[in-house]
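Asks: Structure supplied as work_39.cif; contents: mmCIF, C-alpha atoms and all ligand atoms.
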```
data_data
#
loop_
_atom_site.label_atom_id
_atom_site.label_comp_id
_atom_site.auth_asym_id
_atom_site.auth_seq_id
_atom_site.Cartn_x
_atom_site.Cartn_y
_atom_site.Cartn_z
CA MET A 1 1.34 20.04 -3.16
CA PHE A 2 4.59 21.48 -1.77
CA LYS A 3 2.82 24.48 -0.32
CA GLN A 4 0.38 22.19 1.44
CA LEU A 5 3.23 20.03 2.71
CA PHE A 6 5.09 23.09 3.98
CA ASN A 7 1.98 24.35 5.70
CA THR A 8 1.42 20.96 7.27
CA ILE A 9 4.87 20.37 8.63
CA ILE A 10 6.50 23.75 9.12
CA ARG A 11 3.56 26.00 9.90
CA GLY A 12 1.58 23.33 11.69
CA GLY A 13 -1.54 23.43 9.57
CA ASP A 14 -3.36 25.55 7.04
CA GLY A 15 -5.01 27.99 9.41
CA THR A 16 -8.16 25.91 9.86
CA ASP A 17 -9.09 24.06 13.02
CA ARG A 18 -8.84 20.74 11.26
CA GLY A 19 -5.44 21.21 9.63
CA PRO A 20 -4.72 20.52 5.97
CA SER A 21 -6.39 17.74 4.05
CA LEU A 22 -4.24 14.93 2.71
CA ASP A 23 -7.33 13.60 0.95
CA SER A 24 -7.74 16.82 -1.06
CA MET A 25 -4.04 16.69 -2.00
CA LEU A 26 -4.52 13.17 -3.32
CA GLU A 27 -7.70 14.14 -5.15
CA GLN A 28 -5.66 16.79 -6.96
CA SER A 29 -3.28 14.08 -8.19
CA ASP A 30 -6.23 11.94 -9.28
CA LYS A 31 -7.29 14.72 -11.68
CA HIS A 32 -4.49 13.55 -14.00
CA LEU A 33 -6.78 10.64 -14.89
CA ASN A 34 -8.87 13.15 -16.86
CA ASN A 35 -6.04 13.13 -19.42
CA PHE A 36 -7.10 9.67 -20.61
CA GLU A 37 -9.90 8.94 -23.05
CA THR A 38 -10.35 5.42 -21.70
CA LEU A 39 -9.57 3.94 -18.32
CA VAL A 40 -9.96 0.48 -16.84
CA PRO A 41 -13.02 1.12 -14.65
CA PRO A 42 -13.66 -0.14 -11.12
CA ALA A 43 -16.23 -2.86 -10.51
CA PRO A 44 -19.75 -1.58 -9.71
CA ASN A 45 -19.29 -2.71 -6.09
CA SER A 46 -15.68 -1.54 -5.66
CA LYS A 47 -14.96 0.08 -2.31
CA PRO A 48 -13.98 3.76 -2.05
CA ARG A 49 -10.41 4.72 -1.13
CA THR A 50 -10.13 4.90 2.64
CA PRO A 51 -9.95 8.58 3.63
CA PHE A 52 -6.89 9.77 5.56
CA ASP A 53 -8.47 12.86 7.11
CA ALA A 54 -9.82 12.36 10.63
CA ASP A 55 -12.30 14.52 12.48
CA VAL A 56 -9.74 15.34 15.15
CA PRO A 57 -8.94 18.84 16.50
CA LYS A 58 -5.68 20.25 15.19
CA GLU A 59 -4.01 20.33 18.60
CA GLN A 60 -4.50 16.55 18.89
CA ILE A 61 -2.99 15.69 15.50
CA THR A 62 0.51 14.56 16.41
CA MET A 63 2.01 15.44 13.03
CA LEU A 64 0.87 19.05 13.43
CA ASN A 65 2.42 19.40 16.88
CA LEU A 66 6.04 18.46 16.31
CA THR A 67 9.17 20.09 17.68
CA ALA A 68 11.34 22.10 15.27
CA GLN A 69 13.84 19.25 15.15
CA GLN A 70 11.13 16.70 14.40
CA ARG A 71 9.76 18.89 11.61
CA LEU A 72 13.17 19.01 9.96
CA LYS A 73 13.38 15.23 10.11
CA VAL A 74 9.94 14.91 8.56
CA MET A 75 10.84 17.33 5.79
CA SER A 76 13.92 15.22 4.95
CA LYS A 77 11.50 12.39 4.09
CA GLY A 78 8.53 14.44 2.98
CA ILE A 79 10.28 16.61 0.37
CA PRO A 80 11.65 13.72 -1.73
CA LEU A 81 8.44 11.74 -1.17
CA PHE A 82 6.12 14.46 -2.42
CA ALA A 83 8.56 15.51 -5.18
CA ASN A 84 8.62 11.98 -6.59
CA MET A 85 4.86 11.60 -6.15
CA GLN A 86 4.39 14.81 -8.10
CA ILE A 87 6.75 13.66 -10.87
CA GLY A 88 4.91 10.32 -10.94
CA ALA A 89 1.53 12.08 -11.18
CA ARG A 90 2.80 14.08 -14.18
CA MET A 91 3.49 10.81 -16.00
CA TYR A 92 -0.31 10.49 -16.19
CA ASP A 93 -0.43 13.22 -18.86
CA GLY A 94 -1.99 10.89 -21.42
CA LYS A 95 0.78 11.53 -23.94
CA PHE A 96 2.98 8.44 -23.75
CA GLN A 97 2.47 6.04 -26.67
CA PRO A 98 3.84 2.54 -26.03
CA ILE A 99 5.44 0.67 -28.90
CA LYS A 100 5.51 -2.74 -27.22
CA SER A 101 3.20 -4.82 -25.07
CA THR A 102 5.12 -8.03 -24.54
CA ALA A 103 8.37 -8.29 -22.64
CA SER A 104 11.20 -10.79 -22.90
CA PRO A 105 12.26 -12.82 -19.84
CA GLU A 106 15.57 -10.90 -20.00
CA PHE A 107 13.73 -7.60 -19.69
CA ILE A 108 11.75 -8.85 -16.67
CA ALA A 109 14.98 -10.09 -15.08
CA GLU A 110 16.61 -6.72 -15.69
CA LEU A 111 13.61 -4.91 -14.20
CA GLU A 112 13.73 -7.07 -11.08
CA THR A 113 17.47 -6.53 -10.66
CA MET A 114 16.97 -2.80 -10.97
CA ALA A 115 14.12 -2.89 -8.44
CA ARG A 116 16.18 -4.85 -5.90
CA GLU A 117 19.21 -2.62 -6.37
CA ALA A 118 16.97 0.38 -5.75
CA GLY A 119 15.75 -1.12 -2.47
CA ALA A 120 12.68 -3.24 -3.31
CA LYS A 121 12.36 -6.49 -1.40
CA ASP A 122 9.82 -8.62 -3.27
CA ILE A 123 8.37 -8.11 -6.75
CA GLY A 124 5.27 -9.71 -8.24
CA TYR A 125 2.82 -9.21 -11.08
CA VAL A 126 -0.92 -9.16 -11.46
CA LYS A 127 -3.69 -8.50 -13.93
CA VAL A 128 -5.61 -5.95 -11.90
CA PRO A 129 -9.11 -7.16 -11.03
CA ARG A 130 -11.71 -4.43 -11.28
CA ASN A 131 -12.77 -4.84 -7.67
CA ALA A 132 -9.28 -3.75 -6.58
CA ILE A 133 -9.75 -0.38 -8.32
CA PHE A 134 -11.23 2.19 -5.97
CA GLN A 135 -14.71 3.57 -6.58
CA ASP A 136 -14.69 6.58 -8.95
CA LYS A 137 -11.06 5.93 -9.99
CA GLY A 138 -9.68 4.09 -13.01
CA LEU A 139 -6.43 2.80 -14.45
CA PRO A 140 -4.62 3.67 -17.66
CA CYS A 141 -3.40 0.04 -17.94
CA GLU A 142 -4.73 -3.30 -16.79
CA TYR A 143 -1.55 -4.96 -15.49
CA ALA A 144 0.60 -4.07 -12.52
CA VAL A 145 4.08 -4.67 -11.21
CA VAL A 146 3.78 -4.85 -7.41
CA PHE A 147 6.72 -4.44 -5.06
CA THR A 148 7.41 -4.12 -1.37
CA VAL A 149 9.98 -2.27 0.72
CA GLU A 150 10.96 -3.28 4.22
CA MET A 151 10.87 -0.98 7.25
CA ASP A 152 13.52 -1.26 9.98
CA LYS A 153 12.60 -3.28 13.03
CA GLU A 154 14.14 -1.00 15.63
CA PRO A 155 12.22 2.24 14.99
CA MET A 156 9.04 0.32 14.20
CA SER A 157 9.21 -1.51 17.52
CA THR A 158 8.66 1.81 19.35
CA ALA A 159 5.14 2.24 17.91
CA PRO A 160 3.27 4.42 18.40
CA SER A 161 6.04 7.02 18.29
CA PHE A 162 7.56 9.74 16.18
CA GLU A 163 10.48 7.44 15.26
CA CYS A 164 8.06 4.81 14.02
CA GLN A 165 6.13 7.29 11.88
CA LEU A 166 9.37 8.66 10.49
CA GLU A 167 10.41 5.15 9.45
CA ALA A 168 7.02 4.65 7.76
CA MET A 169 7.56 7.93 5.88
CA ASP A 170 10.99 6.70 4.86
CA GLY A 171 9.32 3.60 3.42
CA TYR A 172 6.92 5.80 1.41
CA LYS A 173 9.84 7.94 0.27
CA ARG A 174 11.79 4.92 -0.98
CA MET A 175 8.74 3.48 -2.76
CA ALA A 176 8.05 6.73 -4.60
CA ALA A 177 11.67 6.82 -5.82
CA ILE A 178 11.66 3.16 -6.88
CA SER A 179 8.35 3.31 -8.74
CA LYS A 180 9.46 6.42 -10.64
CA LYS A 181 12.78 4.80 -11.57
CA LEU A 182 11.17 1.55 -12.75
CA ALA A 183 8.45 3.37 -14.69
CA ASN A 184 11.06 5.44 -16.52
CA PHE A 185 13.03 2.31 -17.35
CA MET A 186 9.91 0.57 -18.67
CA ARG A 187 9.02 3.58 -20.81
CA LYS A 188 12.54 3.79 -22.24
CA ASN A 189 12.05 0.21 -23.37
CA GLY A 190 8.79 1.03 -25.12
CA PHE A 191 6.22 -0.04 -22.54
CA ALA A 192 3.48 2.02 -20.95
CA ALA A 193 4.25 2.54 -17.26
CA TYR A 194 2.48 4.64 -14.61
CA PRO A 195 3.82 4.71 -11.05
CA GLY A 196 1.17 4.14 -8.42
CA MET A 197 1.07 6.87 -5.77
CA ALA A 198 3.10 5.84 -2.72
CA LEU A 199 0.40 7.40 -0.53
CA GLY A 200 -3.24 6.95 -1.42
CA GLY A 201 -3.32 5.47 -4.89
CA LEU A 202 -5.95 4.16 -7.24
CA THR A 203 -6.06 0.54 -6.12
CA ASP A 204 -6.03 -1.57 -2.95
CA TYR A 205 -2.33 -2.43 -2.70
CA PRO A 206 -2.55 -5.29 -0.15
CA HIS A 207 -5.22 -6.89 -2.35
CA LEU A 208 -2.96 -6.65 -5.42
CA ALA A 209 0.07 -7.87 -3.48
CA GLU A 210 -1.83 -10.93 -2.29
CA LEU A 211 -3.00 -11.70 -5.83
CA ALA A 212 0.59 -11.25 -7.02
CA GLY A 213 1.64 -13.90 -4.50
CA LEU A 214 3.81 -11.63 -2.37
CA GLY A 215 2.07 -12.62 0.86
CA ALA A 216 -1.34 -12.89 2.50
CA ILE A 217 -3.48 -10.28 4.22
CA GLY A 218 -3.57 -10.87 7.97
CA TYR A 219 -6.37 -10.04 10.39
CA HIS A 220 -4.84 -6.57 10.88
CA GLY A 221 -5.49 -5.89 7.19
CA LEU A 222 -1.79 -5.67 6.31
CA LEU A 223 0.16 -7.89 3.96
CA ILE A 224 2.23 -10.57 5.69
CA SER A 225 5.12 -11.82 3.60
CA SER A 226 8.17 -14.01 4.02
CA GLY A 227 11.01 -12.40 5.93
CA GLU A 228 9.87 -9.36 7.85
CA GLY A 229 6.18 -10.30 8.08
CA ALA A 230 4.03 -7.16 8.10
CA ARG A 231 6.91 -4.71 8.44
CA LEU A 232 6.62 -3.52 4.85
CA ARG A 233 5.03 -1.04 2.47
CA ILE A 234 3.58 -1.80 -0.96
CA ASN A 235 3.56 0.08 -4.23
CA THR A 236 2.74 -0.58 -7.89
CA ILE A 237 3.49 0.42 -11.45
CA TYR A 238 0.60 0.02 -13.90
CA THR A 239 1.68 -1.21 -17.31
CA ASN A 240 0.51 -2.53 -20.67
CA ILE A 241 2.84 -5.56 -20.57
CA THR A 242 0.46 -8.44 -21.21
CA ASN A 243 2.81 -11.38 -20.63
CA LEU A 244 3.99 -10.58 -17.11
CA PRO A 245 4.83 -13.69 -15.05
CA THR A 246 1.71 -13.49 -12.87
CA LEU A 247 0.85 -16.42 -10.60
CA GLU A 248 -1.91 -17.34 -13.04
CA ALA A 249 0.43 -17.30 -16.04
CA GLN A 250 2.82 -19.57 -14.15
CA GLY A 251 0.01 -21.90 -13.04
CA LYS A 252 0.92 -21.27 -9.40
CA GLU A 253 -1.11 -20.70 -6.25
CA ASN A 254 -0.38 -18.14 -3.56
CA GLU A 255 1.70 -20.14 -1.07
CA HIS A 256 1.06 -17.77 1.84
CA LEU A 257 -2.68 -18.20 2.40
CA TRP A 258 -2.06 -20.45 5.44
CA VAL A 259 -1.23 -17.20 7.25
CA ARG A 260 -4.93 -16.56 7.89
CA ASP A 261 -5.26 -20.00 9.49
CA PHE A 262 -2.60 -18.86 11.93
CA CYS A 263 -4.41 -15.54 12.42
CA ALA A 264 -7.60 -17.38 13.39
CA MET A 265 -5.84 -18.73 16.49
CA CYS A 266 -3.42 -15.87 17.16
CA LYS A 267 -5.57 -12.70 17.26
CA LYS A 268 -2.83 -10.81 19.09
CA CYS A 269 -3.36 -7.66 17.05
CA ILE A 270 -7.05 -7.74 18.01
CA ARG A 271 -6.17 -7.89 21.71
CA LYS A 272 -3.45 -5.24 21.46
CA CYS A 273 -5.18 -2.64 19.30
CA PRO A 274 -5.66 0.31 21.68
CA VAL A 275 -9.12 1.15 20.29
CA GLU A 276 -10.43 -2.32 19.42
CA ALA A 277 -10.53 -1.38 15.76
CA ILE A 278 -9.69 -4.89 14.48
CA TYR A 279 -12.64 -7.23 14.05
CA GLU A 280 -12.70 -10.55 15.89
CA GLN A 281 -13.42 -12.18 12.51
CA PRO A 282 -12.92 -10.50 9.13
CA GLU A 283 -16.34 -9.47 7.82
CA PRO A 284 -17.64 -9.93 4.28
CA ARG A 285 -17.64 -6.67 2.34
CA GLY A 286 -19.87 -5.55 -0.50
CA ASP A 287 -17.18 -5.96 -3.16
CA GLY A 288 -16.63 -9.63 -2.33
CA GLY A 289 -13.54 -8.94 -0.19
CA MET A 290 -13.21 -9.21 3.58
CA GLN A 291 -13.09 -6.20 5.89
CA THR A 292 -10.72 -6.69 8.79
CA ILE A 293 -10.73 -3.36 10.61
CA ASP A 294 -13.00 -0.45 11.49
CA HIS A 295 -11.16 2.23 9.53
CA ALA A 296 -12.77 5.20 11.25
CA ALA A 297 -11.84 3.96 14.73
CA CYS A 298 -8.31 3.20 13.58
CA ARG A 299 -7.88 6.52 11.78
CA ASP A 300 -8.82 8.67 14.77
CA TYR A 301 -6.34 6.94 17.04
CA PHE A 302 -3.74 6.77 14.25
CA THR A 303 -4.01 10.54 13.73
CA ARG A 304 -3.60 11.28 17.44
CA ASN A 305 -0.72 8.80 17.88
CA TYR A 306 1.92 9.13 15.16
CA GLY A 307 0.30 6.70 12.77
CA CYS A 308 -0.01 4.02 15.50
CA ALA A 309 1.24 0.73 13.83
CA VAL A 310 0.86 -1.24 17.09
CA CYS A 311 -0.89 -4.07 15.17
CA LEU A 312 2.00 -4.27 12.71
CA VAL A 313 4.60 -4.41 15.45
CA VAL A 314 2.96 -6.96 17.78
CA CYS A 315 2.26 -9.37 14.92
CA PRO A 316 4.36 -12.53 15.48
CA PHE A 317 5.31 -12.47 11.81
CA SER A 318 6.95 -9.05 12.32
CA GLN A 319 8.50 -10.01 15.63
CA VAL A 320 10.13 -13.38 15.03
CA GLY A 321 9.87 -13.52 11.25
CA TYR A 322 7.68 -15.42 8.81
CA GLU A 323 9.86 -18.51 8.52
CA LYS A 324 9.97 -19.15 12.25
CA VAL A 325 6.20 -18.84 12.61
CA LYS A 326 5.73 -21.17 9.66
CA SER A 327 8.11 -23.79 11.01
CA HIS A 328 6.23 -23.90 14.35
CA PHE A 329 2.68 -23.75 12.99
CA LYS A 330 1.02 -27.13 12.79
CA GLY A 331 -2.16 -26.02 11.09
CA ASN A 332 -5.60 -25.02 12.29
CA PRO A 333 -8.44 -27.08 10.82
CA GLN A 334 -11.00 -24.84 12.59
CA ALA A 335 -9.82 -21.69 10.80
CA PRO A 336 -12.39 -19.98 8.56
CA GLN A 337 -11.18 -20.30 4.99
CA PHE A 338 -11.48 -17.36 2.68
CA ARG A 339 -9.73 -15.91 -0.27
CA ILE A 340 -9.56 -12.44 -1.66
CA PRO A 341 -11.73 -13.00 -4.74
CA VAL A 342 -10.81 -11.85 -8.20
CA SER A 343 -13.64 -10.11 -10.03
CA SER A 344 -14.56 -10.62 -13.67
CA VAL A 345 -12.17 -10.07 -16.52
CA VAL A 346 -10.87 -6.53 -16.88
CA LYS A 347 -12.25 -4.79 -19.96
CA PHE A 348 -11.81 -1.31 -21.33
CA VAL A 349 -15.03 0.62 -21.84
S1 LIG B 401 -1.13 -10.48 15.13
FE1 LIG B 401 -1.80 -12.57 14.82
S2 LIG B 401 -3.94 -12.37 14.14
FE2 LIG B 401 -2.99 -10.39 13.90
S3 LIG B 401 -2.31 -10.39 11.76
FE3 LIG B 401 -0.57 -11.04 13.03
S4 LIG B 401 -0.69 -13.27 13.00
FE4 LIG B 401 -2.67 -12.49 12.30
S1 LIG B 402 -2.99 1.03 13.49
FE1 LIG B 402 -3.37 1.07 15.72
S2 LIG B 402 -5.49 1.73 15.89
FE2 LIG B 402 -5.22 1.06 13.79
S3 LIG B 402 -5.84 -1.09 13.78
FE3 LIG B 402 -3.61 -1.04 14.12
S4 LIG B 402 -3.38 -1.08 16.35
FE4 LIG B 402 -5.50 -0.50 15.93
#
```
Would it be possible to restate this file's structure as structure tokens?
Ligand code: SF4
Ligand code: SF4
Replies:
Amino acid sequence: MFKQLFNTIIRGGDGTDRGPSLDSMLEQSDKHLNNFETLVPPAPNSKPRTPFDADVPKEQITMLNLTAQQRLKVMSKGIPLFANMQIGARMYDGKFQPIKSTASPEFIAELETMAREAGAKDIGYVKVPRNAIFQDKGLPCEYAVVFTVEMDKEPMSTAPSFECQLEAMDGYKRMAAISKKLANFMRKNGFAAYPGMALGGLTDYPHLAELAGLGAIGYHGLLISSGEGARLRINTIYTNITNLPTLEAQGKENEHLWVRDFCAMCKKCIRKCPVEAIYEQPEPRGDGGMQTIDHAACRDYFTRNYGCAVCLVVCPFSQVGYEKVKSHFKGNPQAPQFRIPVSSVVKFV
């Protein structure tokens, strides 16, 4: 993984016209799943993981055409990010034997304190529905701790730019460190814990975050949460703790779903997307979820323009903050109502 990273950033590619493949790097990590005899399987209609690699000539891939100074900055984020991702992937060696599967409220409180001290913003919990597991993947455990980290407004507001992409990488770097730290803490206390990959991953993180009650998915396909709106990244830790305080266990509803009613009248991201990759209306998808963007159109522009993020930045929730939008929004009875559906009960096979 390091060699590939070095080739990507320092040598500007792997000698091919298309540059190195992030997807093949992630597939390598996924091979650790072969260490498990049983996995929680995806639903038959689960969607595949969205590929990162774009069919774009190497000279147009912004991350392969950086100045020497920019490359050093990227390495300062990329080295710890990929190191922690690699350490996290090794935790999927199939050897850890949990001795507990229920946690005390004190343990959960301690975990949350540790997560916040390490830089997490919001933390939630979910029993992972099978339709959130990507096609051909699987999970060692059926529950997940989901957390977010915030990205700074100033660099993000310059999107698309090198500074913006660097800040996004910093978010990934922080998530990889936090998930490793929390997973180690959970294991020391006897629970199974597997950090989700900061990049890529086995599940649809916005889907899980919405089910965990951390926010709602906006028309740009990103999670919108209280505070910074869409200016965040999401990660998970899969665990065997069966009594996590999920929304369901607490008898609560996700309080953020009104966000999509606002989206139905706002549509700013749709107007501002440089390649019209965001659909006018989210479209029903085969797995029961809603598809909000044309990934291929987004990915090509994203690859040529420092990871774009224009939709994230122009979103009113990111600009003025969630609370202000909420206080001014009077409702939209014409908005199409939809929820991200939960598939049938998760079972081991
Ligand atoms: S820009 Fe508007 S439509 Fe797009 S996600 Fe944000 S609130 Fe929703
Ligand atoms: S990241 Fe850029 S290209 Fe992709 S959907 Fe958002 S605005 Fe459009």
Asks: Can you tell me which residues surround Asn84 in chain A at a distance of at most 10 Å, considering only C-alpha atoms, apart from same-chain residues fewer than 6 positions away, and format the answer as a list in words?
Replies: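 Everything that qualifies: Gly78, Arg90, Lys173, Arg174, Met175, Ala176, Ala177, Ile178, Ser179, Lys180, Lys181, Pro195, Met197 and Ala198 of chain A.
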Asks: Give me, as a Markdown table, each residue of chain A that comes within 10 Å of ligand LIG 401 (chain B), together with its shortest interatomic pair and the distance in Å at one decimal, counting only C-alpha atoms and all ligand atoms, with rows ordered by chain and rising residue number.
Replies:
```
| residue | atom | partner | partner_atom | distance |
| --- | --- | --- | --- | --- |
| A:Ala216 | CA | B:LIG401 | S3 | 9.6 |
| A:Ile217 | CA | B:LIG401 | S3 | 7.6 |
| A:Gly218 | CA | B:LIG401 | S3 | 4.0 |
| A:Tyr219 | CA | B:LIG401 | S3 | 4.3 |
| A:His220 | CA | B:LIG401 | S3 | 4.7 |
| A:Gly221 | CA | B:LIG401 | S3 | 7.2 |
| A:Leu222 | CA | B:LIG401 | S3 | 7.2 |
| A:Leu223 | CA | B:LIG401 | S3 | 8.6 |
| A:Ile224 | CA | B:LIG401 | S3 | 7.6 |
| A:Gly229 | CA | B:LIG401 | FE3 | 8.4 |
| A:Ala230 | CA | B:LIG401 | FE3 | 7.8 |
| A:Val259 | CA | B:LIG401 | S4 | 7.0 |
| A:Arg260 | CA | B:LIG401 | FE4 | 6.4 |
| A:Asp261 | CA | B:LIG401 | FE4 | 8.4 |
| A:Phe262 | CA | B:LIG401 | S4 | 6.0 |
| A:Cys263 | CA | B:LIG401 | FE4 | 3.5 |
| A:Ala264 | CA | B:LIG401 | S2 | 6.2 |
| A:Met265 | CA | B:LIG401 | S2 | 7.0 |
| A:Cys266 | CA | B:LIG401 | FE1 | 4.4 |
| A:Lys267 | CA | B:LIG401 | S2 | 3.5 |
| A:Lys268 | CA | B:LIG401 | S1 | 4.3 |
| A:Cys269 | CA | B:LIG401 | S1 | 4.1 |
| A:Ile270 | CA | B:LIG401 | FE2 | 6.4 |
| A:Arg271 | CA | B:LIG401 | S1 | 8.7 |
| A:Lys272 | CA | B:LIG401 | S1 | 8.5 |
| A:Cys273 | CA | B:LIG401 | FE2 | 9.7 |
| A:Ile278 | CA | B:LIG401 | FE2 | 8.7 |
| A:Glu280 | CA | B:LIG401 | S2 | 9.1 |
| A:Gln281 | CA | B:LIG401 | S2 | 9.6 |
| A:Thr292 | CA | B:LIG401 | S3 | 9.7 |
| A:Val310 | CA | B:LIG401 | S1 | 9.7 |
| A:Cys311 | CA | B:LIG401 | S1 | 6.4 |
| A:Leu312 | CA | B:LIG401 | FE3 | 7.2 |
| A:Val313 | CA | B:LIG401 | S1 | 8.4 |
| A:Val314 | CA | B:LIG401 | S1 | 6.0 |
| A:Cys315 | CA | B:LIG401 | S1 | 3.6 |
| A:Pro316 | CA | B:LIG401 | S4 | 5.7 |
| A:Phe317 | CA | B:LIG401 | S4 | 6.2 |
| A:Ser318 | CA | B:LIG401 | FE3 | 7.8 |
| A:Gln319 | CA | B:LIG401 | FE3 | 9.5 |
| A:Tyr322 | CA | B:LIG401 | S4 | 9.6 |
| A:Val325 | CA | B:LIG401 | S4 | 8.9 |
```
Asks: Got a sec: who's within 12 Å of Ala132 in chain A, counting all atoms listed in the file, leaving out chain neighbours fewer than 4 positions off, as a VMD selection string?
Replies: chain A and resid 40 to 49 126 to 128 136 to 139 142 to 144 201 to 211 287 to 289 340 to 344 346
Asks: Taking only C-alpha atoms into account, name the residue in A:Pro284, A:Leu33, A:Leu244, A:Arg187 that is nearest to Glu106 in chain A.
Replies: A:Leu244
Asks: With distances taken over all atoms listed in the file, which of A:Gly251, A:Gly321, A:Pro51, A:Pro160 is nearest to ligand LIG 402 (chain B)?
Replies: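 Comparing A:Gly251, A:Gly321, A:Pro51, A:Pro160 against ligand LIG 402 (chain B), the winner is A:Pro160.
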Asks: Quick one: distance from CA of Ile234 in chain A to CA of Leu39 in chain A in Å, one decimal?
Replies: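 Value for the CA of Ile234 in chain A-CA of Leu39 in chain A distance: 22.5 Å.
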